[in-house]
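Participant: Handing you this structure, nothing more for now.
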Amino acid sequence: MPDTPITLQYHAPPRHGGALVRSLFAARPAQAPLAQHGIRFEAHWHGARADAKRLAQYRQVCDLPDTGTLPLLYLHAMAMPLHMAILSHARFPLRLLGLVHWSNQLASLRPIANGEAMDMHCTLDGIQTTERGQSFAIHTTLSTGGTVAWRETSTFLSPLARSKPGKKASPDGSEPDWGTPIAQWAVAANAGRRFAGPSGDWNPIHVSALTARLFGYPRAIAHGMFSAARCLALLQHDLPANAPLALDLRFKRPLLIPGQVALYKNQDVTDTPHATHFVLQVQPGGEPHIAGTLRPL
């Protein structure tokens, strides 16, 4: 029988700095015992609004114009305080450091104005065992006027000890020929620190080489959601403004910073009409950093 949900209610952005610091040093396991696999959480933030200063910083860091509506992935950043309230809760059974953001699926059903009030609702419904470790998903919905305007599922992995961070998989021939990149750019060494402020994601693997080395990385690695936002800034040019969209992101391999990346895309006119498949590759080797699909709803 599933556990009774642990319910968290907020009428302002959750402030969990102390709980977060305590959770970083808590003696939690990387793999939760079976008795805790049914853990469930619900977190609510009523009347959520974007902070104008952080929103402006987010747009500047991600090179996004101000269209009068909230960027597709900034809404994920707004949900981060609720996600962290769940992950830093005393009863959350997994070690916080070392968690990997594995994938993200989201749908924007209608644009949300910069200052519009929203009700935000997050749920976590148990932990699953996979061949790579234990995984869980946080489901988020943003509602305005009682109607869902945006939703996402963020899947996280707590990897087994033998899963080495950043280990390159052997080529299997499954990567398509992407042709010529549509854009290339450099990612600065301070990109993680610059994105951490407006996004609220201060995971130490992103903010400095020193703290990243504690988790097996030779240098800091870029936030996957920062890389995704930079991709969207280019890919959405081909779509109608404020069109309802679905986005599927898979985070493949870390991007060590400073670094160089190239964005490729192709249009699928067979299996998924009007869908744009894309990959952001680390240069010069061509390893995929992010792969995704963007399509109108």
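Ligands are numbered from 1 in the order shown, chains are lettered A, B, ... in the order of the structure tokens, and residues start at 1 in each chain.
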Which parts of range 62-256 of chain A does DSSP call strand (DSSP E or B) when run on the backbone here, written out as a ChimeraX atom specification?
Facilitator: /A:69,100-108,113,118-125,128-130,133-144,147-159,183-187,221,245-251,256
Participant: I'd like the contact shell of Thr293 in chain A - 10 Å cut-off, only C-alpha atoms, skipping same-chain residues fewer than 6 positions apart - returned as a list in words.
Facilitator: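 Listed by chain and then number, they are Gln105, Ala246, Leu247, Asp248, Leu249, Arg250, Lys265, Asn266, Gln267, Asp268, Thr272, Ala275, Thr276, His277, Phe278 and Val279 of chain A.
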Participant: Could the residues in this selection be saved with N, CA and C atoms as a PDB file, in the first residue's frame?
Facilitator:
```
ATOM      1  N   GLN A 105      10.527  16.045 -19.397  1.00  0.00           N
ATOM      2  CA  GLN A 105       9.465  16.144 -20.398  1.00  0.00           C
ATOM      3  C   GLN A 105       8.507  17.242 -19.929  1.00  0.00           C
ATOM      4  N   ALA A 246       5.588  21.082 -26.795  1.00  0.00           N
ATOM      5  CA  ALA A 246       6.043  19.962 -25.971  1.00  0.00           C
ATOM      6  C   ALA A 246       7.540  19.810 -26.174  1.00  0.00           C
ATOM      7  N   LEU A 247       8.257  19.564 -25.093  1.00  0.00           N
ATOM      8  CA  LEU A 247       9.709  19.429 -25.146  1.00  0.00           C
ATOM      9  C   LEU A 247      10.124  18.189 -24.365  1.00  0.00           C
ATOM     10  N   ASP A 248      10.941  17.373 -25.006  1.00  0.00           N
ATOM     11  CA  ASP A 248      11.473  16.159 -24.376  1.00  0.00           C
ATOM     12  C   ASP A 248      12.985  16.299 -24.363  1.00  0.00           C
ATOM     13  N   LEU A 249      13.593  16.303 -23.171  1.00  0.00           N
ATOM     14  CA  LEU A 249      15.039  16.453 -23.020  1.00  0.00           C
ATOM     15  C   LEU A 249      15.640  15.206 -22.392  1.00  0.00           C
ATOM     16  N   ARG A 250      16.759  14.773 -22.946  1.00  0.00           N
ATOM     17  CA  ARG A 250      17.528  13.684 -22.345  1.00  0.00           C
ATOM     18  C   ARG A 250      18.964  14.169 -22.157  1.00  0.00           C
ATOM     19  N   LYS A 265      20.189  19.903 -35.773  1.00  0.00           N
ATOM     20  CA  LYS A 265      18.766  19.569 -35.751  1.00  0.00           C
ATOM     21  C   LYS A 265      18.373  18.899 -37.054  1.00  0.00           C
ATOM     22  N   ASN A 266      17.262  18.134 -37.003  1.00  0.00           N
ATOM     23  CA  ASN A 266      16.623  17.681 -38.224  1.00  0.00           C
ATOM     24  C   ASN A 266      15.132  17.620 -37.998  1.00  0.00           C
ATOM     25  N   GLN A 267      14.397  17.777 -39.059  1.00  0.00           N
ATOM     26  CA  GLN A 267      12.941  17.830 -39.013  1.00  0.00           C
ATOM     27  C   GLN A 267      12.385  16.455 -39.320  1.00  0.00           C
ATOM     28  N   ASP A 268      11.494  15.955 -38.459  1.00  0.00           N
ATOM     29  CA  ASP A 268      10.865  14.653 -38.672  1.00  0.00           C
ATOM     30  C   ASP A 268       9.515  14.874 -39.336  1.00  0.00           C
ATOM     31  N   THR A 272       6.806  11.688 -36.495  1.00  0.00           N
ATOM     32  CA  THR A 272       6.227  12.755 -35.679  1.00  0.00           C
ATOM     33  C   THR A 272       6.203  14.023 -36.508  1.00  0.00           C
ATOM     34  N   ALA A 275       7.846  17.736 -35.806  1.00  0.00           N
ATOM     35  CA  ALA A 275       8.752  17.673 -34.655  1.00  0.00           C
ATOM     36  C   ALA A 275      10.170  18.016 -35.097  1.00  0.00           C
ATOM     37  N   THR A 276      10.878  18.721 -34.226  1.00  0.00           N
ATOM     38  CA  THR A 276      12.282  19.034 -34.459  1.00  0.00           C
ATOM     39  C   THR A 276      13.121  18.222 -33.491  1.00  0.00           C
ATOM     40  N   HIS A 277      13.952  17.334 -34.011  1.00  0.00           N
ATOM     41  CA  HIS A 277      14.891  16.580 -33.188  1.00  0.00           C
ATOM     42  C   HIS A 277      16.211  17.341 -33.178  1.00  0.00           C
ATOM     43  N   PHE A 278      16.852  17.387 -32.039  1.00  0.00           N
ATOM     44  CA  PHE A 278      18.097  18.144 -31.956  1.00  0.00           C
ATOM     45  C   PHE A 278      19.066  17.472 -31.000  1.00  0.00           C
ATOM     46  N   VAL A 279      20.329  17.800 -31.171  1.00  0.00           N
ATOM     47  CA  VAL A 279      21.369  17.312 -30.274  1.00  0.00           C
ATOM     48  C   VAL A 279      22.400  18.420 -30.109  1.00  0.00           C
TER      49      VAL A 279
END
```
Participant: Can you pull out the residues contacting Ile257 in chain A? Cut-off 9 Å, using only C-alpha atoms, and skip same-chain residues under 6 positions away; I want them as a VMD selection string.
Facilitator: chain A and resid 187 to 192 206 209 219 to 222
Participant: Taking into account only C-alpha atoms, which residue in the set A:Pro14, A:Pro33, A:Gly68, A:Gly146 is nearest to Ile86 in chain A?
Facilitator: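 Under the stated criterion, the closest residue is A:Pro14.
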Participant: Name the residues of range 4-169 of chain A that fall into helix (DSSP H, G or I) according to DSSP on the backbone, using the chain letters and numbers of this document, as an MDAnalysis selection string.
Facilitator: chainID A and resid 17:25 34:36 52:62 74:87
Participant: What lies within 7 Å of range 46-56 of chain A using only C-alpha atoms, ignoring chain neighbours under 2 positions off, as a PyMOL selection string?
Facilitator: chain A and resi 10-12+44+58-60+114-120+198
Participant: Write out as number ranges by chain which residues come within 10 Å of Leu255 in chain A when counting only C-alpha atoms, dropping same-chain ones fewer than 6 positions away.
Facilitator: A: 166, 187, 219-224, 227, 261, 280-283, 287-290
Participant: Keeping only C-alpha atoms, write the selected residues as a short mmCIF file (atom, residue, chain, number, x, y, z; two decimals), in the first residue's frame.
Facilitator:
```
data_model
loop_
_atom_site.label_atom_id
_atom_site.label_comp_id
_atom_site.auth_asym_id
_atom_site.auth_seq_id
_atom_site.Cartn_x
_atom_site.Cartn_y
_atom_site.Cartn_z
CA GLY A 166 31.21 11.36 -17.12
CA VAL A 187 30.62 28.03 -22.81
CA ARG A 219 36.34 20.62 -13.97
CA ALA A 220 32.92 22.13 -13.27
CA ILE A 221 30.15 20.97 -15.59
CA ALA A 222 27.45 23.09 -17.19
CA HIS A 223 23.85 22.89 -15.98
CA GLY A 224 21.86 20.77 -18.40
CA SER A 227 22.39 24.25 -22.18
CA VAL A 261 29.43 22.99 -28.27
CA LEU A 280 23.95 19.53 -28.59
CA GLN A 281 27.38 17.98 -29.04
CA VAL A 282 30.60 18.65 -27.14
CA GLN A 283 33.39 19.77 -29.43
CA GLU A 287 29.87 13.48 -27.82
CA PRO A 288 26.15 14.23 -27.25
CA HIS A 289 25.55 16.50 -24.25
CA ILE A 290 21.77 16.90 -24.67
#
```
Participant: Looking at only C-alpha atoms, which of A:His37, A:Arg110, A:His237, A:His139 is the one that sits closest to His83 in chain A?
Facilitator: A:His139
Participant: For a test of reading the model, state the distance in Å between CA of Ile205 in chain A and CA of Leu87 in chain A, rounded to one decimal.
Facilitator: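 Spanning CA of Ile205 in chain A to CA of Leu87 in chain A is a straight-line distance of 16.9 Å.
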Participant: Give the answer as one residue: which of A:Asn203, A:Thr144, A:Leu232, A:Thr7 has the shortest atom-to-atom distance to Gly98 in chain A, using only C-alpha atoms?
Facilitator: A:Asn203
Participant: Any idea what's packed within 9 Å of Thr123 in chain A, counting only C-alpha atoms, ignoring anything in its chain fewer than 2 positions away? Could you give it as a ChimeraX atom specification?
Facilitator: /A:5,40-44,83,86,121,125,137-140
Participant: Export N, CA and C atoms of the chosen residues as a PDB file, in the first residue's frame?
Facilitator:
```pdb
ATOM      1  N   PRO A   5       1.021  10.686   1.542  1.00  0.00           N
ATOM      2  CA  PRO A   5       1.937  11.741   1.104  1.00  0.00           C
ATOM      3  C   PRO A   5       2.322  12.681   2.240  1.00  0.00           C
ATOM      4  N   ARG A  40       6.182   9.281  -0.584  1.00  0.00           N
ATOM      5  CA  ARG A  40       5.426  10.189  -1.452  1.00  0.00           C
ATOM      6  C   ARG A  40       5.437  11.589  -0.856  1.00  0.00           C
ATOM      7  N   PHE A  41       5.513  12.569  -1.747  1.00  0.00           N
ATOM      8  CA  PHE A  41       5.483  13.979  -1.331  1.00  0.00           C
ATOM      9  C   PHE A  41       4.502  14.740  -2.205  1.00  0.00           C
ATOM     10  N   GLU A  42       3.904  15.769  -1.607  1.00  0.00           N
ATOM     11  CA  GLU A  42       3.159  16.779  -2.342  1.00  0.00           C
ATOM     12  C   GLU A  42       3.626  18.136  -1.828  1.00  0.00           C
ATOM     13  N   ALA A  43       3.926  19.046  -2.756  1.00  0.00           N
ATOM     14  CA  ALA A  43       4.349  20.394  -2.369  1.00  0.00           C
ATOM     15  C   ALA A  43       3.557  21.398  -3.188  1.00  0.00           C
ATOM     16  N   HIS A  44       3.045  22.430  -2.521  1.00  0.00           N
ATOM     17  CA  HIS A  44       2.189  23.425  -3.160  1.00  0.00           C
ATOM     18  C   HIS A  44       2.736  24.825  -2.867  1.00  0.00           C
ATOM     19  N   HIS A  83      11.023  21.674  -5.627  1.00  0.00           N
ATOM     20  CA  HIS A  83      11.784  20.436  -5.785  1.00  0.00           C
ATOM     21  C   HIS A  83      12.782  20.281  -4.641  1.00  0.00           C
ATOM     22  N   ILE A  86      11.389  19.297  -1.292  1.00  0.00           N
ATOM     23  CA  ILE A  86      11.157  17.854  -1.206  1.00  0.00           C
ATOM     24  C   ILE A  86      12.469  17.113  -0.971  1.00  0.00           C
ATOM     25  N   HIS A 121       2.156  23.037  -8.177  1.00  0.00           N
ATOM     26  CA  HIS A 121       1.902  21.782  -7.471  1.00  0.00           C
ATOM     27  C   HIS A 121       2.924  20.753  -7.926  1.00  0.00           C
ATOM     28  N   ASP A 125       6.090  10.354  -6.358  1.00  0.00           N
ATOM     29  CA  ASP A 125       5.336   9.135  -6.030  1.00  0.00           C
ATOM     30  C   ASP A 125       6.238   7.914  -6.047  1.00  0.00           C
ATOM     31  N   ALA A 137      10.693  10.455 -10.034  1.00  0.00           N
ATOM     32  CA  ALA A 137      10.245  11.571 -10.867  1.00  0.00           C
ATOM     33  C   ALA A 137       9.493  12.574 -10.011  1.00  0.00           C
ATOM     34  N   ILE A 138       9.717  13.845 -10.296  1.00  0.00           N
ATOM     35  CA  ILE A 138       8.937  14.920  -9.694  1.00  0.00           C
ATOM     36  C   ILE A 138       8.051  15.496 -10.796  1.00  0.00           C
ATOM     37  N   HIS A 139       6.744  15.431 -10.566  1.00  0.00           N
ATOM     38  CA  HIS A 139       5.760  15.939 -11.517  1.00  0.00           C
ATOM     39  C   HIS A 139       5.319  17.327 -11.050  1.00  0.00           C
ATOM     40  N   THR A 140       5.354  18.288 -11.954  1.00  0.00           N
ATOM     41  CA  THR A 140       5.016  19.675 -11.620  1.00  0.00           C
ATOM     42  C   THR A 140       3.937  20.176 -12.551  1.00  0.00           C
TER      43      THR A 140
END
```
Participant: Determine, counting only C-alpha atoms, which protein, DNA and RNA residues have an atom within 9 Å of an atom of Met225 in chain A; residues of the same chain fewer than 4 positions away are not included. Present the result as JSON, numbers by chain.
Facilitator: {"A": [73, 76, 77, 199, 229, 230]}
Participant: Go ahead and dump the residues you just picked, N, CA and C atoms, as a PDB file, in the first residue's frame.
Facilitator:
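Result file follows (part.pdb):
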```pdb
ATOM      1  N   LEU A  73      11.648  27.328 -20.081  1.00  0.00           N
ATOM      2  CA  LEU A  73      12.399  26.615 -19.054  1.00  0.00           C
ATOM      3  C   LEU A  73      12.608  27.435 -17.788  1.00  0.00           C
ATOM      4  N   HIS A  76      10.639  25.938 -15.034  1.00  0.00           N
ATOM      5  CA  HIS A  76      11.330  24.880 -14.282  1.00  0.00           C
ATOM      6  C   HIS A  76      12.155  25.496 -13.156  1.00  0.00           C
ATOM      7  N   ALA A  77      12.845  26.606 -13.461  1.00  0.00           N
ATOM      8  CA  ALA A  77      13.627  27.278 -12.424  1.00  0.00           C
ATOM      9  C   ALA A  77      12.736  27.766 -11.290  1.00  0.00           C
ATOM     10  N   SER A 199      18.655  30.529 -11.577  1.00  0.00           N
ATOM     11  CA  SER A 199      17.972  29.234 -11.651  1.00  0.00           C
ATOM     12  C   SER A 199      17.730  28.621 -10.282  1.00  0.00           C
ATOM     13  N   ALA A 229      18.252  25.706 -22.410  1.00  0.00           N
ATOM     14  CA  ALA A 229      17.688  27.040 -22.646  1.00  0.00           C
ATOM     15  C   ALA A 229      18.393  27.731 -23.811  1.00  0.00           C
ATOM     16  N   ARG A 230      19.712  27.561 -23.920  1.00  0.00           N
ATOM     17  CA  ARG A 230      20.443  28.146 -25.041  1.00  0.00           C
ATOM     18  C   ARG A 230      20.005  27.518 -26.358  1.00  0.00           C
TER      19      ARG A 230
END
```
